[in-house]
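A.B. asks: TSV, C-alpha atoms, file run.tsv:
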chain	number	residue	atom	x	y	z
X	4	MET	CA	12.86	-50.42	-9.01
X	5	ALA	CA	10.94	-48.50	-11.67
X	6	LYS	CA	12.40	-45.20	-12.81
X	7	ILE	CA	10.12	-42.19	-12.88
X	8	LYS	CA	10.44	-40.08	-16.01
X	9	PRO	CA	11.78	-36.62	-15.05
X	10	SER	CA	9.66	-33.54	-15.53
X	11	LYS	CA	10.56	-31.38	-18.48
X	12	GLY	CA	9.35	-27.87	-19.09
X	13	ALA	CA	10.71	-24.61	-20.43
X	14	PRO	CA	14.24	-23.54	-19.47
X	15	TYR	CA	12.88	-20.34	-17.94
X	16	ALA	CA	9.59	-18.47	-17.46
X	17	ARG	CA	8.42	-14.92	-18.09
X	18	ILE	CA	5.40	-12.68	-17.79
X	19	MET	CA	3.87	-12.54	-21.27
X	20	GLY	CA	0.87	-10.30	-20.75
X	21	VAL	CA	-0.86	-8.25	-18.07
X	22	GLY	CA	-4.44	-7.04	-17.65
X	23	GLY	CA	-6.39	-5.10	-15.07
X	24	TYR	CA	-9.94	-4.24	-14.09
X	25	ARG	CA	-11.04	-1.39	-11.84
X	26	PRO	CA	-14.71	-1.07	-10.84
X	27	THR	CA	-16.58	1.79	-12.47
X	28	ARG	CA	-17.47	3.54	-9.20
X	29	VAL	CA	-14.78	5.95	-8.02
X	30	VAL	CA	-15.05	6.82	-4.32
X	31	PRO	CA	-13.36	10.05	-3.14
X	32	ASN	CA	-12.31	10.67	0.45
X	33	GLU	CA	-15.39	12.84	0.96
X	34	VAL	CA	-17.55	9.70	0.90
X	35	ILE	CA	-15.38	8.06	3.56
X	36	LEU	CA	-15.67	11.17	5.73
X	37	GLU	CA	-19.44	10.69	5.96
X	38	LYS	CA	-18.79	7.87	8.45
X	39	ILE	CA	-15.60	8.89	10.31
X	40	ASP	CA	-14.41	12.02	12.09
X	41	SER	CA	-11.44	12.98	9.95
X	42	SER	CA	-10.48	15.15	6.97
X	43	ASP	CA	-9.30	14.78	3.40
X	44	GLU	CA	-5.98	16.31	4.40
X	45	TRP	CA	-5.52	13.79	7.22
X	46	ILE	CA	-6.28	10.80	4.97
X	47	ARG	CA	-3.91	12.01	2.27
X	48	SER	CA	-1.12	12.72	4.77
X	49	ARG	CA	-1.52	9.32	6.42
X	50	SER	CA	-1.88	7.18	3.29
X	51	GLY	CA	-1.53	9.23	0.11
X	52	ILE	CA	-4.96	7.99	-0.97
X	53	ALA	CA	-7.33	10.40	-2.70
X	54	THR	CA	-9.78	7.96	-4.32
X	55	ARG	CA	-10.47	4.25	-4.55
X	56	HIS	CA	-12.76	2.01	-6.63
X	57	TRP	CA	-15.66	0.10	-5.07
X	58	ALA	CA	-17.38	-2.73	-6.87
X	59	SER	CA	-21.10	-2.86	-7.64
X	60	PRO	CA	-23.09	-6.05	-6.91
X	61	GLU	CA	-22.49	-7.11	-10.52
X	62	GLU	CA	-18.72	-6.59	-10.26
X	63	THR	CA	-18.08	-9.82	-8.41
X	64	VAL	CA	-14.70	-11.40	-7.71
X	65	THR	CA	-15.35	-13.70	-10.66
X	66	ALA	CA	-16.55	-10.99	-13.04
X	67	MET	CA	-13.61	-8.68	-12.32
X	68	SER	CA	-11.16	-11.57	-12.67
X	69	VAL	CA	-12.57	-12.64	-16.01
X	70	GLU	CA	-12.23	-9.10	-17.37
X	71	ALA	CA	-8.62	-8.76	-16.22
X	72	ALA	CA	-7.74	-12.28	-17.39
X	73	GLY	CA	-9.15	-11.68	-20.85
X	74	LYS	CA	-6.89	-8.67	-21.33
X	75	ALA	CA	-3.81	-10.54	-20.08
X	76	ILE	CA	-4.47	-13.51	-22.36
X	77	ALA	CA	-4.98	-11.25	-25.38
X	78	GLU	CA	-1.77	-9.34	-24.65
X	79	ALA	CA	0.13	-12.60	-24.24
X	80	GLY	CA	-0.92	-13.61	-27.75
X	81	ILE	CA	-2.34	-16.98	-26.75
X	82	THR	CA	-5.83	-18.46	-26.52
X	83	ALA	CA	-7.66	-19.32	-23.33
X	84	GLN	CA	-7.54	-22.98	-24.35
X	85	GLN	CA	-3.74	-22.88	-24.05
X	86	VAL	CA	-3.88	-21.90	-20.36
X	87	GLY	CA	-2.96	-24.98	-18.34
X	88	ALA	CA	-3.47	-23.60	-14.84
X	89	VAL	CA	-5.30	-20.75	-13.12
X	90	VAL	CA	-4.03	-19.45	-9.78
X	91	VAL	CA	-6.18	-16.91	-7.94
X	92	ALA	CA	-4.86	-14.92	-4.98
X	93	THR	CA	-7.66	-13.43	-2.89
X	94	VAL	CA	-8.94	-13.00	0.67
X	95	SER	CA	-12.39	-11.75	-0.34
X	96	HIS	CA	-14.00	-14.81	-1.93
X	97	PHE	CA	-16.41	-15.81	0.81
X	98	ARG	CA	-17.04	-19.44	-0.09
X	99	GLN	CA	-14.55	-21.73	1.58
X	100	THR	CA	-15.17	-24.20	-1.23
X	101	PRO	CA	-15.14	-24.56	-4.18
X	102	ALA	CA	-12.20	-22.38	-5.15
X	103	VAL	CA	-13.28	-19.38	-7.19
X	104	ALA	CA	-10.42	-20.20	-9.58
X	105	THR	CA	-12.43	-23.11	-10.97
X	106	GLU	CA	-15.34	-20.86	-11.93
X	107	ILE	CA	-12.97	-18.29	-13.42
X	108	ALA	CA	-11.14	-20.96	-15.44
X	109	ASP	CA	-14.45	-22.05	-16.94
X	110	LYS	CA	-15.73	-18.55	-17.70
X	111	VAL	CA	-12.41	-17.49	-19.25
X	112	GLY	CA	-12.70	-20.45	-21.62
X	113	THR	CA	-9.83	-22.71	-20.59
X	114	ASP	CA	-9.84	-26.40	-21.50
X	115	LYS	CA	-10.21	-27.94	-18.04
X	116	ALA	CA	-7.21	-26.04	-16.64
X	117	ALA	CA	-5.94	-26.86	-13.17
X	118	ALA	CA	-7.37	-24.19	-10.87
X	119	PHE	CA	-6.93	-23.25	-7.23
X	120	ASP	CA	-7.00	-20.30	-4.82
X	121	ILE	CA	-4.26	-19.12	-2.48
X	122	SER	CA	-4.63	-16.98	0.62
X	123	ALA	CA	-1.49	-14.94	1.19
X	124	GLY	CA	-2.97	-11.50	1.73
X	125	CYS	CA	-1.17	-8.65	0.04
X	126	ALA	CA	1.71	-10.97	-0.90
X	127	GLY	CA	-0.69	-13.25	-2.77
X	128	PHE	CA	0.31	-12.16	-6.25
X	129	GLY	CA	3.98	-12.81	-5.53
X	130	TYR	CA	3.15	-16.27	-4.22
X	131	GLY	CA	1.06	-17.00	-7.31
X	132	LEU	CA	3.78	-15.74	-9.64
X	133	THR	CA	6.32	-18.00	-7.96
X	134	LEU	CA	4.06	-21.04	-8.27
X	135	ALA	CA	3.37	-20.22	-11.92
X	136	LYS	CA	7.07	-19.97	-12.70
X	137	GLY	CA	7.60	-23.37	-11.12
X	138	MET	CA	4.80	-24.96	-13.15
X	139	VAL	CA	6.14	-23.60	-16.45
X	140	VAL	CA	9.72	-24.70	-15.77
X	141	GLU	CA	8.66	-28.06	-14.30
X	142	GLY	CA	6.38	-28.70	-17.26
X	143	SER	CA	2.99	-29.21	-15.59
X	144	ALA	CA	1.58	-26.23	-17.53
X	145	GLU	CA	2.89	-24.33	-20.54
X	146	TYR	CA	0.94	-21.18	-19.72
X	147	VAL	CA	-0.35	-20.16	-16.29
X	148	LEU	CA	-2.87	-17.42	-15.54
X	149	VAL	CA	-2.16	-15.67	-12.23
X	150	ILE	CA	-4.88	-13.40	-10.87
X	151	GLY	CA	-4.89	-11.10	-7.85
X	152	VAL	CA	-8.44	-9.98	-7.07
X	153	GLU	CA	-10.20	-8.34	-4.14
X	154	ARG	CA	-13.53	-6.85	-3.10
X	155	LEU	CA	-12.18	-5.34	0.10
X	156	SER	CA	-15.11	-2.96	0.32
X	157	ASP	CA	-16.98	-6.04	1.61
X	158	LEU	CA	-14.46	-6.34	4.46
X	159	THR	CA	-14.18	-2.65	5.36
X	160	ASP	CA	-15.60	-1.21	8.56
X	161	LEU	CA	-16.60	2.25	7.39
X	162	GLU	CA	-16.72	3.46	10.99
X	163	ASP	CA	-13.15	2.38	11.78
X	164	ARG	CA	-11.13	5.59	11.57
X	165	ALA	CA	-7.88	3.64	11.22
X	166	THR	CA	-8.85	1.54	8.19
X	167	ALA	CA	-12.02	2.90	6.57
X	168	PHE	CA	-10.11	4.95	4.00
X	169	LEU	CA	-7.55	2.31	3.01
X	170	PHE	CA	-9.22	-0.35	0.92
X	171	GLY	CA	-10.38	-0.63	-2.67
X	172	ASP	CA	-11.56	-3.26	-5.14
X	173	GLY	CA	-10.15	-4.56	-8.41
X	174	ALA	CA	-8.46	-7.38	-10.29
X	175	GLY	CA	-5.08	-7.73	-11.96
X	176	ALA	CA	-3.88	-10.69	-14.02
X	177	VAL	CA	-0.76	-11.91	-15.77
X	178	VAL	CA	0.01	-14.82	-18.08
X	179	VAL	CA	3.24	-16.64	-17.27
X	180	GLY	CA	4.77	-18.73	-20.05
X	181	PRO	CA	8.02	-20.17	-21.41
X	182	SER	CA	11.15	-18.11	-21.97
X	183	ASP	CA	14.57	-18.76	-23.47
X	184	GLU	CA	16.24	-16.53	-20.92
X	185	PRO	CA	15.67	-15.72	-17.23
X	186	ALA	CA	12.82	-13.21	-16.88
X	187	ILE	CA	11.50	-14.00	-13.39
X	188	GLY	CA	14.18	-14.03	-10.74
X	189	PRO	CA	14.49	-16.10	-7.57
X	190	THR	CA	11.77	-15.33	-5.04
X	191	VAL	CA	12.61	-14.18	-1.54
X	192	TRP	CA	9.57	-15.04	0.53
X	193	GLY	CA	8.57	-16.00	4.02
X	194	SER	CA	6.30	-15.40	6.97
X	195	GLU	CA	6.41	-14.04	10.51
X	196	GLY	CA	3.52	-15.79	12.18
X	197	ASP	CA	4.33	-14.32	15.57
X	198	LYS	CA	2.88	-11.09	14.15
X	199	SER	CA	-0.25	-12.68	12.68
X	200	GLU	CA	-2.57	-10.71	14.96
X	201	THR	CA	-1.44	-7.35	13.56
X	202	ILE	CA	-3.66	-7.71	10.46
X	203	LYS	CA	-6.73	-9.89	10.81
X	204	GLN	CA	-10.43	-10.38	10.31
X	205	THR	CA	-12.36	-9.09	13.32
X	206	VAL	CA	-14.16	-12.39	14.02
X	207	PRO	CA	-14.03	-15.85	12.39
X	208	TRP	CA	-16.90	-17.11	10.25
X	209	THR	CA	-17.54	-19.92	12.74
X	210	ASN	CA	-18.89	-17.37	15.21
X	211	PHE	CA	-21.92	-17.01	12.98
X	212	ARG	CA	-22.53	-20.75	13.10
X	213	VAL	CA	-22.26	-20.79	16.89
X	214	GLY	CA	-24.57	-17.81	17.06
X	215	ASP	CA	-22.84	-16.25	20.05
X	216	VAL	CA	-23.79	-12.59	19.52
X	217	ALA	CA	-21.42	-11.56	22.30
X	218	GLN	CA	-18.52	-12.55	20.05
X	219	LEU	CA	-19.81	-10.71	17.00
X	220	PRO	CA	-19.11	-7.07	16.12
X	221	VAL	CA	-22.11	-4.81	16.71
X	222	ASP	CA	-22.61	-1.09	16.20
X	223	GLU	CA	-23.70	1.43	18.84
X	224	ASN	CA	-27.32	0.40	18.30
X	225	GLY	CA	-26.56	-3.26	18.87
X	226	GLU	CA	-26.98	-4.13	15.20
X	227	LEU	CA	-24.82	-6.91	13.81
X	228	LYS	CA	-21.84	-5.76	11.75
X	229	PHE	CA	-20.22	-7.84	9.03
X	230	PRO	CA	-16.66	-9.05	9.84
X	231	ALA	CA	-14.02	-6.60	8.70
X	232	ILE	CA	-10.26	-6.29	8.36
X	233	THR	CA	-8.52	-4.64	11.26
X	234	GLN	CA	-4.86	-3.88	11.80
X	235	GLU	CA	-2.35	-2.42	14.22
X	236	GLY	CA	-1.30	0.42	11.96
X	237	GLN	CA	1.93	1.55	13.59
X	238	THR	CA	3.23	-1.99	14.06
X	239	VAL	CA	2.51	-2.89	10.44
X	240	PHE	CA	4.04	0.39	9.23
X	241	ARG	CA	7.30	-0.17	11.10
X	242	TRP	CA	7.55	-3.78	9.95
X	243	ALA	CA	6.89	-2.87	6.31
X	244	VAL	CA	9.35	0.01	6.27
X	245	PHE	CA	12.27	-1.64	8.03
X	246	GLU	CA	11.93	-5.34	7.28
X	247	MET	CA	10.57	-5.20	3.72
X	248	ALA	CA	13.33	-2.89	2.55
X	249	LYS	CA	15.72	-5.68	3.60
X	250	VAL	CA	13.69	-8.27	1.71
X	251	ALA	CA	13.67	-6.08	-1.39
X	252	GLN	CA	17.45	-5.86	-1.25
X	253	GLN	CA	17.68	-9.63	-0.83
X	254	ALA	CA	15.59	-10.08	-3.99
X	255	LEU	CA	17.96	-7.79	-5.89
X	256	ASP	CA	20.93	-9.77	-4.59
X	257	ALA	CA	19.29	-13.08	-5.52
X	258	ALA	CA	18.72	-11.81	-9.07
X	259	GLY	CA	22.34	-10.70	-9.30
X	260	ILE	CA	21.56	-7.03	-9.86
X	261	THR	CA	21.64	-3.76	-7.92
X	262	ALA	CA	19.09	-0.99	-7.51
X	263	ALA	CA	21.01	0.90	-10.20
X	264	ASP	CA	20.07	-1.81	-12.71
X	265	LEU	CA	16.35	-1.33	-12.16
X	266	ASP	CA	13.99	0.51	-14.48
X	267	VAL	CA	10.87	0.12	-12.33
X	268	PHE	CA	9.97	-0.51	-8.68
X	269	ILE	CA	6.49	-1.93	-8.02
X	270	PRO	CA	5.86	-2.39	-4.29
X	271	HIS	CA	2.51	-3.47	-2.86
X	272	GLN	CA	0.29	-0.39	-2.89
X	273	ALA	CA	-0.48	-0.29	0.82
X	274	ASN	CA	0.37	3.25	1.77
X	275	MET	CA	2.28	6.08	0.10
X	276	ARG	CA	4.35	6.69	3.23
X	277	ILE	CA	5.53	3.08	3.21
X	278	ILE	CA	6.42	3.30	-0.49
X	279	ASP	CA	8.36	6.53	0.00
X	280	SER	CA	10.22	5.12	3.01
X	281	MET	CA	11.22	1.99	1.09
X	282	VAL	CA	12.50	4.12	-1.78
X	283	LYS	CA	14.53	6.19	0.68
X	284	THR	CA	16.14	3.04	2.07
X	285	LEU	CA	16.79	1.29	-1.26
X	286	LYS	CA	18.09	4.50	-2.87
X	287	PRO	CA	17.34	3.64	-6.51
X	288	PRO	CA	18.62	6.10	-9.15
X	289	GLU	CA	16.28	8.93	-10.15
X	290	HIS	CA	15.54	7.26	-13.49
X	291	VAL	CA	13.74	4.38	-11.74
X	292	THR	CA	9.96	4.66	-12.05
X	293	VAL	CA	8.15	3.97	-8.78
X	294	ALA	CA	4.54	2.76	-8.83
X	295	ARG	CA	2.26	4.99	-6.79
X	296	ASP	CA	-1.09	3.64	-7.94
X	297	VAL	CA	-2.33	3.71	-4.35
X	298	GLU	CA	-3.28	7.38	-4.75
X	299	THR	CA	-6.24	6.61	-6.99
X	300	THR	CA	-6.80	2.89	-6.39
X	301	GLY	CA	-6.28	2.46	-2.65
X	302	ASN	CA	-5.01	-0.75	-1.10
X	303	THR	CA	-6.34	-3.66	-3.18
X	304	SER	CA	-4.27	-6.34	-1.42
X	305	ALA	CA	-3.47	-9.21	-3.83
X	306	ALA	CA	-4.57	-7.13	-6.82
X	307	SER	CA	-2.34	-4.13	-6.14
X	308	ILE	CA	0.89	-5.20	-7.87
X	309	PRO	CA	-0.61	-6.41	-11.18
X	310	LEU	CA	-2.95	-3.38	-11.26
X	311	ALA	CA	0.00	-1.03	-10.73
X	312	MET	CA	2.04	-2.91	-13.35
X	313	GLU	CA	-0.78	-2.67	-15.87
X	314	ARG	CA	-1.21	1.07	-15.31
X	315	LEU	CA	2.52	1.82	-15.64
X	316	LEU	CA	2.65	-0.01	-18.97
X	317	ALA	CA	-0.61	1.50	-20.23
X	318	THR	CA	0.51	5.06	-19.46
X	319	GLY	CA	4.01	4.63	-20.87
X	320	GLN	CA	5.70	5.15	-17.50
X	321	ALA	CA	7.17	1.68	-18.00
X	322	LYS	CA	7.82	-0.26	-21.18
X	323	SER	CA	8.16	-3.84	-22.36
X	324	GLY	CA	11.55	-5.27	-21.45
X	325	ASP	CA	12.06	-3.07	-18.41
X	326	THR	CA	13.57	-4.67	-15.32
X	327	ALA	CA	11.24	-4.35	-12.34
X	328	LEU	CA	11.46	-5.22	-8.66
X	329	VAL	CA	8.10	-6.34	-7.23
X	330	ILE	CA	7.39	-6.93	-3.56
X	331	GLY	CA	4.21	-7.75	-1.69
X	332	PHE	CA	3.67	-7.90	2.06
X	333	GLY	CA	0.72	-8.15	4.40
X	334	ALA	CA	-1.50	-10.29	6.61
X	335	GLY	CA	0.20	-13.29	8.09
X	336	LEU	CA	2.57	-11.54	8.18
X	337	VAL	CA	3.81	-12.81	4.82
X	338	TYR	CA	5.96	-11.40	2.06
X	339	ALA	CA	7.33	-12.19	-1.41
X	340	ALA	CA	9.76	-10.26	-3.61
X	341	THR	CA	11.32	-10.96	-7.00
X	342	VAL	CA	12.78	-9.23	-10.03
X	343	VAL	CA	10.93	-9.58	-13.34
X	344	THR	CA	11.19	-8.43	-16.93
X	345	LEU	CA	8.02	-6.55	-17.86
X	346	PRO	CA	5.98	-7.94	-20.78
Kindly return the structure encoded in the file as structure tokens.
C.D. replies:
Amino acid sequence: MAKIKPSKGAPYARIMGVGGYRPTRVVPNEVILEKIDSSDEWIRSRSGIATRHWASPEETVTAMSVEAAGKAIAEAGITAQQVGAVVVATVSHFRQTPAVATEIADKVGTDKAAAFDISAGCAGFGYGLTLAKGMVVEGSAEYVLVIGVERLSDLTDLEDRATAFLFGDGAGAVVVGPSDEPAIGPTVWGSEGDKSETIKQTVPWTNFRVGDVAQLPVDENGELKFPAITQEGQTVFRWAVFEMAKVAQQALDAAGITAADLDVFIPHQANMRIIDSMVKTLKPPEHVTVARDVETTGNTSAASIPLAMERLLATGQAKSGDTALVIGFGAGLVYAATVVTLP
């Protein structure tokens, strides 16, 4: 029997660089209120969101990703040709095939890097980070580009009072590469498919092919509405607050540290109330910096964690070498949490 040569990569992996891109258009709550019966005070009290960024036609999923990726690659101190794999987490690339990662890999300037998309909602970045770590340690790629990118404005029903104010657009990217010491901890991840209907697209794309207008969303005038994201807000809130705090603690335990050892906490930027409730449960020391990028960026799903990470580092609220707990959670319902050393 022939013996297969074992894989050999780096002993450990780490995040080497981070980059972000936010669309130029800033949308305040006043714009949202043109379509729904609400108030700025109500939106802020429910979500903590004051503004969000919406992409222009030119700020495509690819264009935003390339901008964020370029910054991450430069900060990592490598060239695009050294990137061996590109992993893109997104739910707002509307071509089932080919994967948008292949186009991004080409435009970034990689040398025929492996490239694929993953659909894990707001946990997508955590899934991508975990896969990247595995590739670096296993040896299939020395450097992996992980991108979380969304144009959720394309999937927002501006007349839905429960969700119209939540979503924003943007891209965040990191380069994962070799490390001589552990810098990305074990991932605690999973799914609860019995709750999959709590966050979903209003209708499947196949309804358009069938052409059954009765199954398609229409406005009060009978005009066809584009499919949008809908959710059962209270159910999702309770799940995120109670269950994800447990997952966050499990990630700390898996990394062999406590909340007192943290410098930074970067949860998915879904809702300020969820973030505050998780902090109350985890009880990190006062010195721990908590990402609250949601106030000015909104919920950008797979992009929210790398965007928040990039802003904390850029503003000096976090620094290279800090120990950070990151956790993403969303549609599926899926989740992923790990402890990382910031680049």
A.B. asks: Between X:Val191, X:Ala116, X:Ala53, X:Val343, which has the minimum distance to X:Ala254 (counting only C-alpha atoms)?
C.D. replies: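 Answer, going by the shortest atom-to-atom distance: X:Val191.
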A.B. asks: Residues near X:Ser10, anyone? I mean within 10 Å using only C-alpha atoms, not counting same-chain ones fewer than 4 positions away, as a PDB file with C-alpha atoms, keeping the file's coordinate frame.
C.D. replies:
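File produced: out_7.pdb:
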ATOM      1  CA  VAL X 140       9.720 -24.700 -15.770  1.00  0.00           C
ATOM      2  CA  GLU X 141       8.660 -28.060 -14.300  1.00  0.00           C
ATOM      3  CA  GLY X 142       6.380 -28.700 -17.260  1.00  0.00           C
ATOM      4  CA  SER X 143       2.990 -29.210 -15.590  1.00  0.00           C
TER       5      SER X 143
END
A.B. asks: Record the distance separating atom CA of X:Ala306 and atom CA of X:Gly173, expressed in Å with one decimal.
C.D. replies: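 A separation of 6.3 Å between them.
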A.B. asks: Between X:Met275, X:Leu310, X:Ala144, X:Val291, which is the closest to X:Tyr24 once you count only C-alpha atoms?
C.D. replies: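 Under the stated criterion, the closest residue is X:Leu310.
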A.B. asks: I'd like the interatomic distance between atom CA of X:Ile7 and atom CA of X:Leu132, to a tenth of an Å.
C.D. replies: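 Atom CA of X:Leu132 lies at a distance of 27.4 Å from atom CA of X:Ile7.
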A.B. asks: Which one is closest to X:Asp325: X:Gly193, X:Pro346, X:Gly127, X:Gly175? Count all atoms listed in the file.
C.D. replies: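 Using all atoms listed in the file, X:Asp325 sits closest to X:Pro346.
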A.B. asks: Calculate how many Å separate atom CA of X:Asp264 from atom CA of X:Ala321, rounding to one decimal.
C.D. replies: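 Distance reported for this atom pair: 14.4 Å.
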A.B. asks: Given only C-alpha atoms as the basis, pick out the residue of X:His271, X:Lys249, X:Lys115, X:Arg295 nearest to X:Gly333.
C.D. replies: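 So, comparing all the options, the nearest one is X:His271.
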A.B. asks: Between X:Val30, X:Val267, X:Ala118, X:Met4, single out the one closest to X:Ser323, counting only C-alpha atoms.
C.D. replies: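 Closest to X:Ser323, using only C-alpha atoms: X:Val267.
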